[in-house]
>>> print(open('input39.pdb').read())   # PDB, C-alpha atoms
ATOM      1  CA  MET V 965      16.111   5.075 -20.689
ATOM      2  CA  GLU V 966      14.996   4.255 -17.146
ATOM      3  CA  VAL V 967      12.847   7.391 -17.006
ATOM      4  CA  LEU V 968      11.237   6.499 -20.344
ATOM      5  CA  MET V 969      10.493   2.950 -19.155
ATOM      6  CA  ARG V 970       9.025   4.240 -15.911
ATOM      7  CA  THR V 971       6.745   6.635 -17.798
ATOM      8  CA  MET V 972       5.682   3.892 -20.194
ATOM      9  CA  PHE V 973       4.719   1.463 -17.430
ATOM     10  CA  GLN V 974       2.842   4.138 -15.500
ATOM     11  CA  SER V 975       0.842   4.958 -18.635
ATOM     12  CA  LEU V 976       0.129   1.300 -19.369
ATOM     13  CA  GLY V 977      -1.148   0.836 -15.823
ATOM     14  CA  LYS V 978      -3.934   3.354 -16.518
ATOM     15  CA  ASN V 979      -4.921   1.795 -19.859
ATOM     16  CA  HIS V 980      -8.424   0.294 -19.631
ATOM     17  CA  SER V 981      -8.025  -1.910 -22.708
ATOM     18  CA  MET V 982      -4.803  -3.463 -21.422
ATOM     19  CA  ASN V 983      -6.435  -4.016 -18.050
ATOM     20  CA  LYS V 984      -9.330  -5.904 -19.679
ATOM     21  CA  LEU V 985      -6.886  -8.000 -21.685
ATOM     22  CA  ALA V 986      -4.917  -8.865 -18.564
ATOM     23  CA  LYS V 987      -8.103  -9.999 -16.795
ATOM     24  CA  LYS V 988      -8.912 -12.255 -19.732
ATOM     25  CA  TYR V 989      -5.548 -13.991 -19.880
ATOM     26  CA  GLY V 990      -4.766 -14.218 -16.175
ATOM     27  CA  LEU V 991      -1.491 -13.862 -14.302
ATOM     28  CA  ARG V 992       0.968 -13.955 -17.175
ATOM     29  CA  MET V 993       4.074 -11.878 -17.909
ATOM     30  CA  GLY V 994       5.700 -12.822 -14.594
ATOM     31  CA  ALA V 995       2.999 -11.128 -12.507
ATOM     32  CA  ALA V 996       2.645 -14.210 -10.286
ATOM     33  CA  ARG V 997       5.898 -13.185  -8.642
ATOM     34  CA  PHE V 998       4.211 -10.074  -7.245
ATOM     35  CA  VAL V 999       0.540 -11.121  -7.018
ATOM     36  CA  ALA V1000      -0.586 -14.009  -4.777
ATOM     37  CA  GLY V1001      -3.016 -15.605  -7.214
ATOM     38  CA  ASP V1002      -6.514 -14.632  -8.252
ATOM     39  CA  SER V1003      -8.522 -16.152  -5.360
ATOM     40  CA  THR V1004      -8.999 -15.594  -1.647
ATOM     41  CA  GLU V1005      -7.836 -19.165  -1.050
ATOM     42  CA  SER V1006      -4.507 -18.531  -2.767
ATOM     43  CA  ALA V1007      -4.026 -15.310  -0.790
ATOM     44  CA  ILE V1008      -4.677 -17.081   2.519
ATOM     45  CA  GLN V1009      -2.272 -19.888   1.623
ATOM     46  CA  THR V1010       0.421 -17.331   0.794
ATOM     47  CA  SER V1011      -0.310 -15.564   4.095
ATOM     48  CA  LYS V1012       0.139 -18.812   6.031
ATOM     49  CA  GLU V1013       3.503 -19.392   4.371
ATOM     50  CA  LEU V1014       4.639 -15.866   5.195
ATOM     51  CA  ASN V1015       3.422 -16.200   8.801
ATOM     52  CA  ASN V1016       5.391 -19.432   9.094
ATOM     53  CA  SER V1017       8.525 -17.531   8.036
ATOM     54  CA  GLY V1018       8.021 -15.014  10.850
ATOM     55  CA  LYS V1019       6.290 -12.253   8.877
ATOM     56  CA  VAL V1020       2.863 -10.716   9.214
ATOM     57  CA  VAL V1021       0.743  -9.690   6.253
ATOM     58  CA  THR V1022      -1.659  -7.145   4.849
ATOM     59  CA  LEU V1023      -3.986  -8.500   2.166
ATOM     60  CA  ASP V1024      -5.285  -6.379  -0.688
ATOM     61  CA  HIS V1025      -7.990  -7.554  -3.079
ATOM     62  CA  LEU V1026      -6.945  -5.639  -6.180
ATOM     63  CA  GLY V1027      -9.507  -3.463  -7.888
ATOM     64  CA  GLU V1028      -9.223  -0.492 -10.236
ATOM     65  CA  PHE V1029     -11.377   1.245 -12.842
ATOM     66  CA  VAL V1030     -14.613   1.018 -10.839
ATOM     67  CA  PHE V1031     -17.268   3.065 -12.622
ATOM     68  CA  THR V1032     -20.610   1.693 -11.390
ATOM     69  CA  GLU V1033     -22.299   1.268  -8.037
ATOM     70  CA  GLU V1034     -22.597  -2.451  -8.743
ATOM     71  CA  GLU V1035     -18.824  -2.778  -9.252
ATOM     72  CA  ALA V1036     -18.172  -0.822  -6.046
ATOM     73  CA  ARG V1037     -20.479  -3.058  -4.020
ATOM     74  CA  LEU V1038     -18.867  -6.153  -5.527
ATOM     75  CA  SER V1039     -15.451  -4.861  -4.494
ATOM     76  CA  THR V1040     -16.803  -4.170  -1.008
ATOM     77  CA  ALA V1041     -18.150  -7.718  -0.816
ATOM     78  CA  MET V1042     -14.698  -9.036  -1.739
ATOM     79  CA  CYS V1043     -13.118  -6.991   1.052
ATOM     80  CA  ILE V1044     -15.625  -8.449   3.512
ATOM     81  CA  GLN V1045     -14.949 -11.933   2.152
ATOM     82  CA  THR V1046     -11.238 -11.331   2.726
ATOM     83  CA  LEU V1047     -11.902 -10.266   6.324
ATOM     84  CA  GLU V1048     -13.968 -13.396   6.893
ATOM     85  CA  ALA V1049     -11.196 -15.558   5.437
ATOM     86  CA  ILE V1050      -8.590 -13.888   7.671
ATOM     87  CA  ALA V1051     -10.739 -14.484  10.752
ATOM     88  CA  GLU V1052     -11.601 -18.077   9.835
ATOM     89  CA  SER V1053      -8.037 -19.085   8.955
ATOM     90  CA  GLY V1054      -6.395 -17.298  11.882
ATOM     91  CA  VAL V1055      -3.641 -15.799   9.739
ATOM     92  CA  GLN V1056      -1.890 -12.719  11.096
ATOM     93  CA  SER V1057      -3.082 -10.190   8.559
ATOM     94  CA  ASN V1058      -4.481  -6.716   8.142
ATOM     95  CA  LEU V1059      -6.572  -5.542   5.191
ATOM     96  CA  SER V1060      -5.466  -2.867   2.720
ATOM     97  CA  LEU V1061      -7.865  -1.238   0.261
ATOM     98  CA  LYS V1062      -8.231   1.558  -2.253
ATOM     99  CA  MET V1063     -11.277   3.755  -1.832
ATOM    100  CA  THR V1064     -11.621   4.243  -5.593
ATOM    101  CA  SER V1065     -12.433   0.516  -5.757
ATOM    102  CA  LEU V1066     -15.289   1.183  -3.286
ATOM    103  CA  GLY V1067     -16.889   3.899  -5.394
ATOM    104  CA  LEU V1068     -15.018   7.069  -4.425
ATOM    105  CA  ASP V1069     -15.128   8.343  -8.002
ATOM    106  CA  ILE V1070     -18.888   7.716  -8.138
ATOM    107  CA  SER V1071     -19.846   9.443  -4.896
ATOM    108  CA  LYS V1072     -18.362  10.097  -1.494
ATOM    109  CA  GLU V1073     -21.569   8.852   0.153
ATOM    110  CA  LEU V1074     -21.397   5.480  -1.583
ATOM    111  CA  CYS V1075     -17.756   5.058  -0.656
ATOM    112  CA  MET V1076     -18.375   6.007   2.994
ATOM    113  CA  GLU V1077     -21.243   3.533   3.197
ATOM    114  CA  ASN V1078     -18.989   0.778   1.861
ATOM    115  CA  MET V1079     -16.108   1.775   4.136
ATOM    116  CA  ARG V1080     -18.320   1.612   7.211
ATOM    117  CA  ARG V1081     -19.536  -1.872   6.260
ATOM    118  CA  ILE V1082     -15.954  -3.057   5.946
ATOM    119  CA  LEU V1083     -14.774  -1.374   9.142
ATOM    120  CA  HIS V1084     -17.680  -2.775  11.182
ATOM    121  CA  MET V1085     -16.831  -6.292  10.002
ATOM    122  CA  ALA V1086     -13.134  -5.724  10.662
ATOM    123  CA  ARG V1087     -13.786  -4.405  14.168
ATOM    124  CA  MET V1088     -15.931  -7.433  14.988
ATOM    125  CA  ASN V1089     -12.961  -9.636  14.084
ATOM    126  CA  ASN V1090     -10.220  -7.413  15.561
ATOM    127  CA  ILE V1091      -8.654  -6.716  12.151
ATOM    128  CA  PHE V1092      -6.910  -3.490  11.203
ATOM    129  CA  VAL V1093      -7.775  -1.779   7.893
ATOM    130  CA  ARG V1094      -5.396   0.455   5.961
ATOM    131  CA  ILE V1095      -6.534   2.965   3.321
ATOM    132  CA  ASP V1096      -4.012   2.985   0.481
ATOM    133  CA  MET V1097      -3.204   6.445  -0.809
ATOM    134  CA  GLU V1098      -3.716   6.935  -4.526
ATOM    135  CA  ASP V1099      -2.796   9.742  -6.907
ATOM    136  CA  TYR V1100      -2.715  13.426  -6.000
ATOM    137  CA  LEU V1101      -6.267  14.078  -7.212
ATOM    138  CA  HIS V1102      -7.573  11.685  -4.555
ATOM    139  CA  CYS V1103      -5.281  12.834  -1.754
ATOM    140  CA  GLN V1104      -7.397  15.486  -0.026
ATOM    141  CA  ILE V1105     -10.690  13.600  -0.119
ATOM    142  CA  SER V1106      -8.960  10.440   1.122
ATOM    143  CA  LEU V1107      -7.541  12.304   4.110
ATOM    144  CA  ASP V1108     -10.885  14.001   4.812
ATOM    145  CA  MET V1109     -12.692  10.665   4.794
ATOM    146  CA  TYR V1110     -10.027   9.057   6.974
ATOM    147  CA  LYS V1111     -10.436  11.812   9.575
ATOM    148  CA  GLU V1112     -14.207  11.349   9.558
ATOM    149  CA  LEU V1113     -13.951   7.572   9.910
ATOM    150  CA  ARG V1114     -11.219   7.811  12.560
ATOM    151  CA  LYS V1115     -13.755   9.452  14.884
ATOM    152  CA  GLU V1116     -15.854   6.263  14.704
ATOM    153  CA  PHE V1117     -13.223   3.531  14.357
ATOM    154  CA  ASP V1118      -9.868   2.901  15.989
ATOM    155  CA  ASN V1119      -8.940   0.044  13.621
ATOM    156  CA  ILE V1120      -8.150   2.278  10.656
ATOM    157  CA  GLY V1121      -4.987   3.797   9.216
ATOM    158  CA  ILE V1122      -3.894   5.536   6.045
ATOM    159  CA  VAL V1123      -0.824   6.057   3.855
ATOM    160  CA  ILE V1124       1.272   9.203   3.498
ATOM    161  CA  GLN V1125       3.527   9.805   0.473
ATOM    162  CA  ALA V1126       6.875  11.545   0.911
ATOM    163  CA  TYR V1127       7.138  12.855  -2.643
ATOM    164  CA  LEU V1128       4.331  15.402  -2.218
ATOM    165  CA  TYR V1129       5.125  18.954  -1.090
ATOM    166  CA  ARG V1130       2.006  18.949   1.104
ATOM    167  CA  THR V1131       3.070  15.940   3.153
ATOM    168  CA  GLU V1132       4.638  17.694   6.140
ATOM    169  CA  GLN V1133       1.497  19.779   6.668
ATOM    170  CA  ASP V1134      -0.658  16.657   6.313
ATOM    171  CA  MET V1135       1.447  14.990   9.020
ATOM    172  CA  ASN V1136       0.890  17.945  11.330
ATOM    173  CA  ASP V1137      -2.856  17.823  10.677
ATOM    174  CA  LEU V1138      -2.987  14.082  11.445
ATOM    175  CA  HIS V1139      -1.120  14.394  14.735
ATOM    176  CA  GLN V1140      -4.320  15.008  16.733
ATOM    177  CA  TYR V1141      -5.820  11.772  15.372
ATOM    178  CA  GLN V1142      -2.919   9.673  16.713
ATOM    179  CA  ALA V1143      -2.849   8.226  13.223
ATOM    180  CA  ASN V1144      -1.356   4.841  12.465
ATOM    181  CA  LEU V1145       0.465   5.669   9.234
ATOM    182  CA  ARG V1146       2.198   3.741   6.494
ATOM    183  CA  LEU V1147       4.924   6.035   5.178
ATOM    184  CA  VAL V1148       5.988   5.565   1.558
ATOM    185  CA  LYS V1149       7.953   7.514  -1.022
ATOM    186  CA  GLY V1150       5.132   7.385  -3.595
ATOM    187  CA  ALA V1151       4.502   5.384  -6.778
ATOM    188  CA  TYR V1152       2.341   7.604  -8.992
ATOM    189  CA  LYS V1153       3.555   9.953 -11.694
ATOM    190  CA  GLU V1154       2.827  13.479 -10.481
ATOM    191  CA  SER V1155       3.497  16.984 -11.736
ATOM    192  CA  PRO V1156       6.498  18.895 -10.334
ATOM    193  CA  GLU V1157       3.905  21.460  -9.290
ATOM    194  CA  VAL V1158       2.782  19.110  -6.500
ATOM    195  CA  SER V1159       5.698  16.716  -5.970
ATOM    196  CA  PHE V1160       9.468  16.731  -5.607
ATOM    197  CA  PRO V1161      10.972  15.937  -9.023
ATOM    198  CA  GLU V1162      14.377  14.930  -7.604
ATOM    199  CA  LYS V1163      14.912  11.610  -5.801
ATOM    200  CA  LYS V1164      17.296  13.162  -3.278
ATOM    201  CA  ASP V1165      14.567  15.561  -2.143
ATOM    202  CA  VAL V1166      12.036  12.742  -1.825
ATOM    203  CA  ASP V1167      14.553  10.776   0.249
ATOM    204  CA  GLU V1168      15.191  13.690   2.587
ATOM    205  CA  ASN V1169      11.474  14.307   3.038
ATOM    206  CA  TYR V1170      10.947  10.606   3.694
ATOM    207  CA  LYS V1171      13.504  10.667   6.489
ATOM    208  CA  LYS V1172      11.877  13.817   7.875
ATOM    209  CA  ILE V1173       8.399  12.303   8.107
ATOM    210  CA  ILE V1174       9.678   9.021   9.565
ATOM    211  CA  LYS V1175      11.364  11.026  12.321
ATOM    212  CA  MET V1176       8.322  13.268  12.853
ATOM    213  CA  HIS V1177       5.901  10.400  13.276
ATOM    214  CA  LEU V1178       8.093   8.229  15.467
ATOM    215  CA  LEU V1179       9.072  11.095  17.769
ATOM    216  CA  ASN V1180       5.396  12.074  18.040
ATOM    217  CA  GLY V1181       4.875   8.641  19.579
ATOM    218  CA  HIS V1182       2.537   7.262  16.923
ATOM    219  CA  TYR V1183       2.645   3.820  15.331
ATOM    220  CA  THR V1184       4.710   3.950  12.159
ATOM    221  CA  ALA V1185       4.919   1.548   9.237
ATOM    222  CA  VAL V1186       8.083   2.285   7.278
ATOM    223  CA  ALA V1187       7.251   0.904   3.842
ATOM    224  CA  SER V1188      10.405   0.830   1.745
ATOM    225  CA  HIS V1189      12.887  -1.523   0.085
ATOM    226  CA  ASP V1190      15.579   1.153   0.291
ATOM    227  CA  GLU V1191      18.239  -0.122   2.689
ATOM    228  CA  GLU V1192      19.398   3.430   3.395
ATOM    229  CA  MET V1193      15.927   4.280   4.754
ATOM    230  CA  ILE V1194      15.796   1.065   6.748
ATOM    231  CA  GLN V1195      19.208   1.744   8.307
ATOM    232  CA  TYR V1196      18.128   5.321   9.036
ATOM    233  CA  THR V1197      15.055   4.031  10.884
ATOM    234  CA  LYS V1198      17.134   1.553  12.881
ATOM    235  CA  ARG V1199      19.516   4.307  13.999
ATOM    236  CA  LEU V1200      16.666   6.683  14.807
ATOM    237  CA  VAL V1201      14.825   4.261  17.071
ATOM    238  CA  ARG V1202      18.039   3.148  18.767
ATOM    239  CA  GLU V1203      19.228   6.695  19.463
ATOM    240  CA  ASN V1204      15.822   7.772  20.805
ATOM    241  CA  GLY V1205      14.987   4.655  22.801
ATOM    242  CA  ILE V1206      11.906   3.891  20.701
ATOM    243  CA  SER V1207      10.427   0.452  21.282
ATOM    244  CA  ASN V1208      10.191  -2.044  18.432
ATOM    245  CA  ASP V1209       6.485  -2.250  19.319
ATOM    246  CA  GLN V1210       5.974   1.283  17.940
ATOM    247  CA  PHE V1211       6.933   0.547  14.342
ATOM    248  CA  GLU V1212       7.253  -2.069  11.648
ATOM    249  CA  PHE V1213       8.896  -2.440   8.282
ATOM    250  CA  GLN V1214       6.650  -3.125   5.320
ATOM    251  CA  MET V1215       7.610  -4.528   1.931
ATOM    252  CA  LEU V1216       5.874  -5.838  -1.142
ATOM    253  CA  TYR V1217       5.273  -9.505  -1.834
ATOM    254  CA  GLY V1218       7.987 -10.891  -4.085
ATOM    255  CA  ILE V1219      10.454  -8.024  -3.632
ATOM    256  CA  CYS V1220      13.636  -8.027  -1.480
ATOM    257  CA  VAL V1221      12.763 -11.332   0.181
ATOM    258  CA  GLU V1222      16.291 -11.789   1.537
ATOM    259  CA  LEU V1223      16.115  -8.356   3.168
ATOM    260  CA  GLN V1224      12.741  -9.229   4.692
ATOM    261  CA  ASP V1225      14.194 -12.440   6.137
ATOM    262  CA  ARG V1226      17.220 -10.630   7.525
ATOM    263  CA  LEU V1227      15.075  -8.070   9.326
ATOM    264  CA  VAL V1228      12.969 -10.843  10.861
ATOM    265  CA  LYS V1229      16.126 -12.542  12.147
ATOM    266  CA  GLU V1230      17.226  -9.228  13.657
ATOM    267  CA  GLY V1231      13.987  -9.116  15.651
ATOM    268  CA  TYR V1232      12.071  -6.488  13.698
ATOM    269  CA  LYS V1233       8.414  -6.785  12.763
ATOM    270  CA  VAL V1234       8.047  -7.210   9.003
ATOM    271  CA  ARG V1235       4.698  -6.954   7.244
ATOM    272  CA  VAL V1236       4.361  -8.100   3.650
ATOM    273  CA  TYR V1237       1.837  -6.409   1.377
ATOM    274  CA  VAL V1238       0.113  -9.283  -0.443
ATOM    275  CA  PRO V1239      -2.140  -8.329  -3.364
ATOM    276  CA  TYR V1240      -4.413 -10.795  -5.100
ATOM    277  CA  GLY V1241      -7.310 -10.933  -7.548
ATOM    278  CA  ILE V1242      -7.986 -10.787 -11.268
ATOM    279  CA  ASP V1243      -7.631  -6.992 -11.475
ATOM    280  CA  TRP V1244      -3.836  -7.120 -11.153
ATOM    281  CA  PHE V1245      -2.584  -5.232 -14.205
ATOM    282  CA  GLY V1246      -2.439  -1.659 -12.843
ATOM    283  CA  TYR V1247      -0.668  -2.801  -9.668
ATOM    284  CA  PHE V1248       1.830  -4.846 -11.687
ATOM    285  CA  MET V1249       2.649  -1.954 -14.020
ATOM    286  CA  ARG V1250       3.336   0.330 -11.033
ATOM    287  CA  ARG V1251       5.771  -2.253  -9.649
ATOM    288  CA  LEU V1252       7.623  -2.326 -12.970
ATOM    289  CA  ALA V1253       7.635   1.475 -13.064
ATOM    290  CA  GLU V1254       9.179   1.583  -9.580
ATOM    291  CA  ARG V1255      11.826  -1.029 -10.397
ATOM    292  CA  PRO V1256      12.558  -1.269 -14.137
ATOM    293  CA  ALA V1257      15.157  -3.946 -13.295
ATOM    294  CA  ASN V1258      12.198  -6.302 -12.843
ATOM    295  CA  VAL V1259      11.567  -6.124 -16.589
ATOM    296  CA  TRP V1260      14.280  -8.729 -17.214
ATOM    297  CA  PHE V1261      12.490 -11.100 -14.872
ATOM    298  CA  VAL V1262       9.250 -10.508 -16.776
ATOM    299  CA  LEU V1263      10.884 -11.216 -20.136
ATOM    300  CA  LYS V1264      12.321 -14.481 -18.854
ATOM    301  CA  ASN V1265       8.951 -15.574 -17.501
ATOM    302  CA  PHE V1266       6.647 -14.286 -20.229
ATOM    303  CA  GLY V1267       3.698 -16.596 -20.747
ATOM    304  CA  LYS V1268       4.507 -18.988 -17.912
TER     305      LYS V1268
END
>>> encode(input="input39.pdb", output="C-alpha cells")
Amino acid sequence: MEVLMRTMFQSLGKNHSMNKLAKKYGLRMGAARFVAGDSTESAIQTSKELNNSGKVVTLDHLGEFVFTEEEARLSTAMCIQTLEAIAESGVQSNLSLKMTSLGLDISKELCMENMRRILHMARMNNIFVRIDMEDYLHCQISLDMYKELRKEFDNIGIVIQAYLYRTEQDMNDLHQYQANLRLVKGAYKESPEVSFPEKKDVDENYKKIIKMHLLNGHYTAVASHDEEMIQYTKRLVRENGISNDQFEFQMLYGICVELQDRLVKEGYKVRVYVPYGIDWFGYFMRRLAERPANVWFVLKNFGK
C-alpha cells in the first residue's frame, strides 16, 4: 500500500492540471505545514523565527513547469527578489533553486544567463546559492553547468543523490572542484536501470558518499531526517576529528522539528529548507511520496 501511495503522489506531482488547480485555490490540503506561505514576506518572517530558534535557512521560491522564456525570466526575477529580501532583512539564509525553473528545458544558454544574473547578485550580498538536483534526465546537464559556473563563482553548490548508481563516480569527478555538496537519498521515481531499487542499498551508498566527501575535506550538508544517518555522521566526524565547521545537517521545513531542535542544542549547525510561493503543488506531492504517514495530517487539515 505504501508503495502504491508513493507512486500515486509522485505521479500527481507531475500533473499540470492539478498544479494549475492548486495555484488557483492556494495553500490548502495541509500544505502550509511544509510551505512557508506564498510571498517573500512570509518566507522572510518564517526565516526570522527559525533563526531565533538557533537554525539557519535556505529559501526556495518554488517553480515548476516552466515552458516559456518569459516564465523563466519571471522565476529568475523572483530569485533575485529573494536575494534582495535576505540581504535587506539580515536573515541567515542561503538560496536554493531548480534550474528547470530558470529555463533549462528551453535552452541551456537561457538558463546559464539567468544563473549568472542570480549568482552575481548573490555574490554582491555574500549569499550562497545551491542548485537543487532534479530527476535523472536533468542530472548530467546540471552537473556540467555547475562545473562551468564553479569556475566563475565560489558561492555555488549542488546536490548529489545517493540512490543513483552513477553517484560515486560523480563524487570523484567533483573532487577537483572542492564542491560544497548537499547529500540526499533522492526523492524522484527512477528506473532500476539507473537507481538502486532497494532502500538498504540506497542507505549504504548514502553512508559511503557522506564518508567520501567529509574525508576529502570538503564542506558537506547531510540532508536527511533519518536518525540512523544522522548518528552515523556524528560518529564519523568524532572518530576522524572533523570539525563541526565542515558540515551541517539539513532538514525540510515542517518535518522532524523536535529532531532539529535537539541537534541545535547539541551544538550542531542545522539548516532548514524553506520553500515558498504559489507553485507549491509538485513540491508538496513529493513530500507526501517520501513520507506517506503525512497523509493523515493532510486529511485532518483539508481545506483549512
>>> resolve_selection(input="input39.pdb", expression="the PyMOL selection byres ((chain V and resi 1018-1025) around 8)", output="JSON, numbers by chain")
{"V": [1007, 1011, 1014, 1015, 1016, 1017, 1026, 1027, 1042, 1043, 1046, 1056, 1057, 1058, 1059, 1060, 1061, 1228, 1233, 1234, 1235, 1236, 1237, 1238, 1239, 1240, 1241]}
>>> resolve_selection(input="input39.pdb", expression="the PyMOL selection byres ((chain V and resi 1103) around 12)", output="JSON, numbers by chain")
{"V": [1062, 1063, 1064, 1068, 1095, 1096, 1097, 1098, 1099, 1100, 1101, 1102, 1104, 1105, 1106, 1107, 1108, 1109, 1110, 1122, 1123, 1124, 1125, 1128, 1130, 1131, 1134, 1150, 1152, 1154, 1158]}
>>> atom_distance(input="input39.pdb", atom1="CA of Ala1051 (chain V)", atom2="CA of Asn1119 (chain V)")
14.9 Å
>>> residues_near_point(input="input39.pdb", point="(8.2, 10.3, 1.6)", cutoff="9 Å", atoms="all atoms listed in the file", output="PDB file with C-alpha atoms, in the coordinates of the input")
ATOM      1  CA  ILE V1124       1.272   9.203   3.498  1.00  0.00           C
ATOM      2  CA  GLN V1125       3.527   9.805   0.473  1.00  0.00           C
ATOM      3  CA  ALA V1126       6.875  11.545   0.911  1.00  0.00           C
ATOM      4  CA  TYR V1127       7.138  12.855  -2.643  1.00  0.00           C
ATOM      5  CA  LEU V1128       4.331  15.402  -2.218  1.00  0.00           C
ATOM      6  CA  THR V1131       3.070  15.940   3.153  1.00  0.00           C
ATOM      7  CA  LEU V1147       4.924   6.035   5.178  1.00  0.00           C
ATOM      8  CA  VAL V1148       5.988   5.565   1.558  1.00  0.00           C
ATOM      9  CA  LYS V1149       7.953   7.514  -1.022  1.00  0.00           C
ATOM     10  CA  GLY V1150       5.132   7.385  -3.595  1.00  0.00           C
ATOM     11  CA  VAL V1166      12.036  12.742  -1.825  1.00  0.00           C
ATOM     12  CA  ASP V1167      14.553  10.776   0.249  1.00  0.00           C
ATOM     13  CA  GLU V1168      15.191  13.690   2.587  1.00  0.00           C
ATOM     14  CA  ASN V1169      11.474  14.307   3.038  1.00  0.00           C
ATOM     15  CA  TYR V1170      10.947  10.606   3.694  1.00  0.00           C
ATOM     16  CA  LYS V1171      13.504  10.667   6.489  1.00  0.00           C
ATOM     17  CA  LYS V1172      11.877  13.817   7.875  1.00  0.00           C
ATOM     18  CA  ILE V1173       8.399  12.303   8.107  1.00  0.00           C
ATOM     19  CA  ILE V1174       9.678   9.021   9.565  1.00  0.00           C
TER      20      ILE V1174
END
>>> atom_distance(input="input39.pdb", atom1="CA of Gln1009 (chain V)", atom2="CA of Ala1187 (chain V)")
23.0 Å
>>> atom_distance(input="input39.pdb", atom1="CA of Glu1212 (chain V)", atom2="CA of Gln1224 (chain V)")
11.4 Å
>>> closest_residue(input="input39.pdb", among="V:Tyr1217, V:Tyr1232, V:Tyr1129, V:Tyr1196", to="Asp1165 (chain V)", atoms="all atoms listed in the file")
V:Tyr1129
>>> build_atoms(input="input39.pdb", residues="region 1065-1078 of chain V", atoms="N, CA, C and O atoms", output="PDB file, keeping the file's coordinate frame")
ATOM      1  N   SER V1065     -11.805   1.799  -5.452  1.00  0.00           N
ATOM      2  CA  SER V1065     -12.433   0.516  -5.757  1.00  0.00           C
ATOM      3  C   SER V1065     -13.766   0.354  -5.039  1.00  0.00           C
ATOM      4  O   SER V1065     -14.563  -0.525  -5.370  1.00  0.00           O
ATOM      5  N   LEU V1066     -14.039   1.232  -4.063  1.00  0.00           N
ATOM      6  CA  LEU V1066     -15.289   1.183  -3.286  1.00  0.00           C
ATOM      7  C   LEU V1066     -16.262   2.270  -3.727  1.00  0.00           C
ATOM      8  O   LEU V1066     -17.263   2.504  -3.058  1.00  0.00           O
ATOM      9  N   GLY V1067     -15.949   2.937  -4.840  1.00  0.00           N
ATOM     10  CA  GLY V1067     -16.889   3.899  -5.394  1.00  0.00           C
ATOM     11  C   GLY V1067     -16.577   5.351  -5.137  1.00  0.00           C
ATOM     12  O   GLY V1067     -17.439   6.215  -5.337  1.00  0.00           O
ATOM     13  N   LEU V1068     -15.354   5.674  -4.736  1.00  0.00           N
ATOM     14  CA  LEU V1068     -15.018   7.069  -4.425  1.00  0.00           C
ATOM     15  C   LEU V1068     -15.241   7.994  -5.616  1.00  0.00           C
ATOM     16  O   LEU V1068     -15.676   9.131  -5.455  1.00  0.00           O
ATOM     17  N   ASP V1069     -14.955   7.505  -6.823  1.00  0.00           N
ATOM     18  CA  ASP V1069     -15.128   8.343  -8.002  1.00  0.00           C
ATOM     19  C   ASP V1069     -16.584   8.439  -8.455  1.00  0.00           C
ATOM     20  O   ASP V1069     -16.901   9.214  -9.365  1.00  0.00           O
ATOM     21  N   ILE V1070     -17.451   7.649  -7.833  1.00  0.00           N
ATOM     22  CA  ILE V1070     -18.888   7.716  -8.138  1.00  0.00           C
ATOM     23  C   ILE V1070     -19.562   8.700  -7.197  1.00  0.00           C
ATOM     24  O   ILE V1070     -20.237   9.629  -7.625  1.00  0.00           O
ATOM     25  N   SER V1071     -19.357   8.484  -5.894  1.00  0.00           N
ATOM     26  CA  SER V1071     -19.846   9.443  -4.896  1.00  0.00           C
ATOM     27  C   SER V1071     -19.178   9.164  -3.560  1.00  0.00           C
ATOM     28  O   SER V1071     -18.892   8.003  -3.218  1.00  0.00           O
ATOM     29  N   LYS V1072     -18.940  10.239  -2.823  1.00  0.00           N
ATOM     30  CA  LYS V1072     -18.362  10.097  -1.494  1.00  0.00           C
ATOM     31  C   LYS V1072     -19.299   9.303  -0.591  1.00  0.00           C
ATOM     32  O   LYS V1072     -18.847   8.477   0.217  1.00  0.00           O
ATOM     33  N   GLU V1073     -20.585   9.518  -0.715  1.00  0.00           N
ATOM     34  CA  GLU V1073     -21.569   8.852   0.153  1.00  0.00           C
ATOM     35  C   GLU V1073     -21.539   7.343  -0.040  1.00  0.00           C
ATOM     36  O   GLU V1073     -21.570   6.574   0.928  1.00  0.00           O
ATOM     37  N   LEU V1074     -21.466   6.914  -1.297  1.00  0.00           N
ATOM     38  CA  LEU V1074     -21.397   5.480  -1.583  1.00  0.00           C
ATOM     39  C   LEU V1074     -20.133   4.878  -0.983  1.00  0.00           C
ATOM     40  O   LEU V1074     -20.176   3.818  -0.338  1.00  0.00           O
ATOM     41  N   CYS V1075     -19.019   5.560  -1.180  1.00  0.00           N
ATOM     42  CA  CYS V1075     -17.756   5.058  -0.656  1.00  0.00           C
ATOM     43  C   CYS V1075     -17.770   4.994   0.868  1.00  0.00           C
ATOM     44  O   CYS V1075     -17.300   4.014   1.463  1.00  0.00           O
ATOM     45  N   MET V1076     -18.306   6.011   1.528  1.00  0.00           N
ATOM     46  CA  MET V1076     -18.375   6.007   2.994  1.00  0.00           C
ATOM     47  C   MET V1076     -19.269   4.880   3.498  1.00  0.00           C
ATOM     48  O   MET V1076     -18.953   4.219   4.495  1.00  0.00           O
ATOM     49  N   GLU V1077     -20.371   4.640   2.816  1.00  0.00           N
ATOM     50  CA  GLU V1077     -21.243   3.533   3.197  1.00  0.00           C
ATOM     51  C   GLU V1077     -20.479   2.206   3.119  1.00  0.00           C
ATOM     52  O   GLU V1077     -20.554   1.371   4.036  1.00  0.00           O
ATOM     53  N   ASN V1078     -19.748   2.016   2.035  1.00  0.00           N
ATOM     54  CA  ASN V1078     -18.989   0.778   1.861  1.00  0.00           C
ATOM     55  C   ASN V1078     -17.850   0.670   2.871  1.00  0.00           C
ATOM     56  O   ASN V1078     -17.573  -0.413   3.405  1.00  0.00           O
TER      57      ASN V1078
END
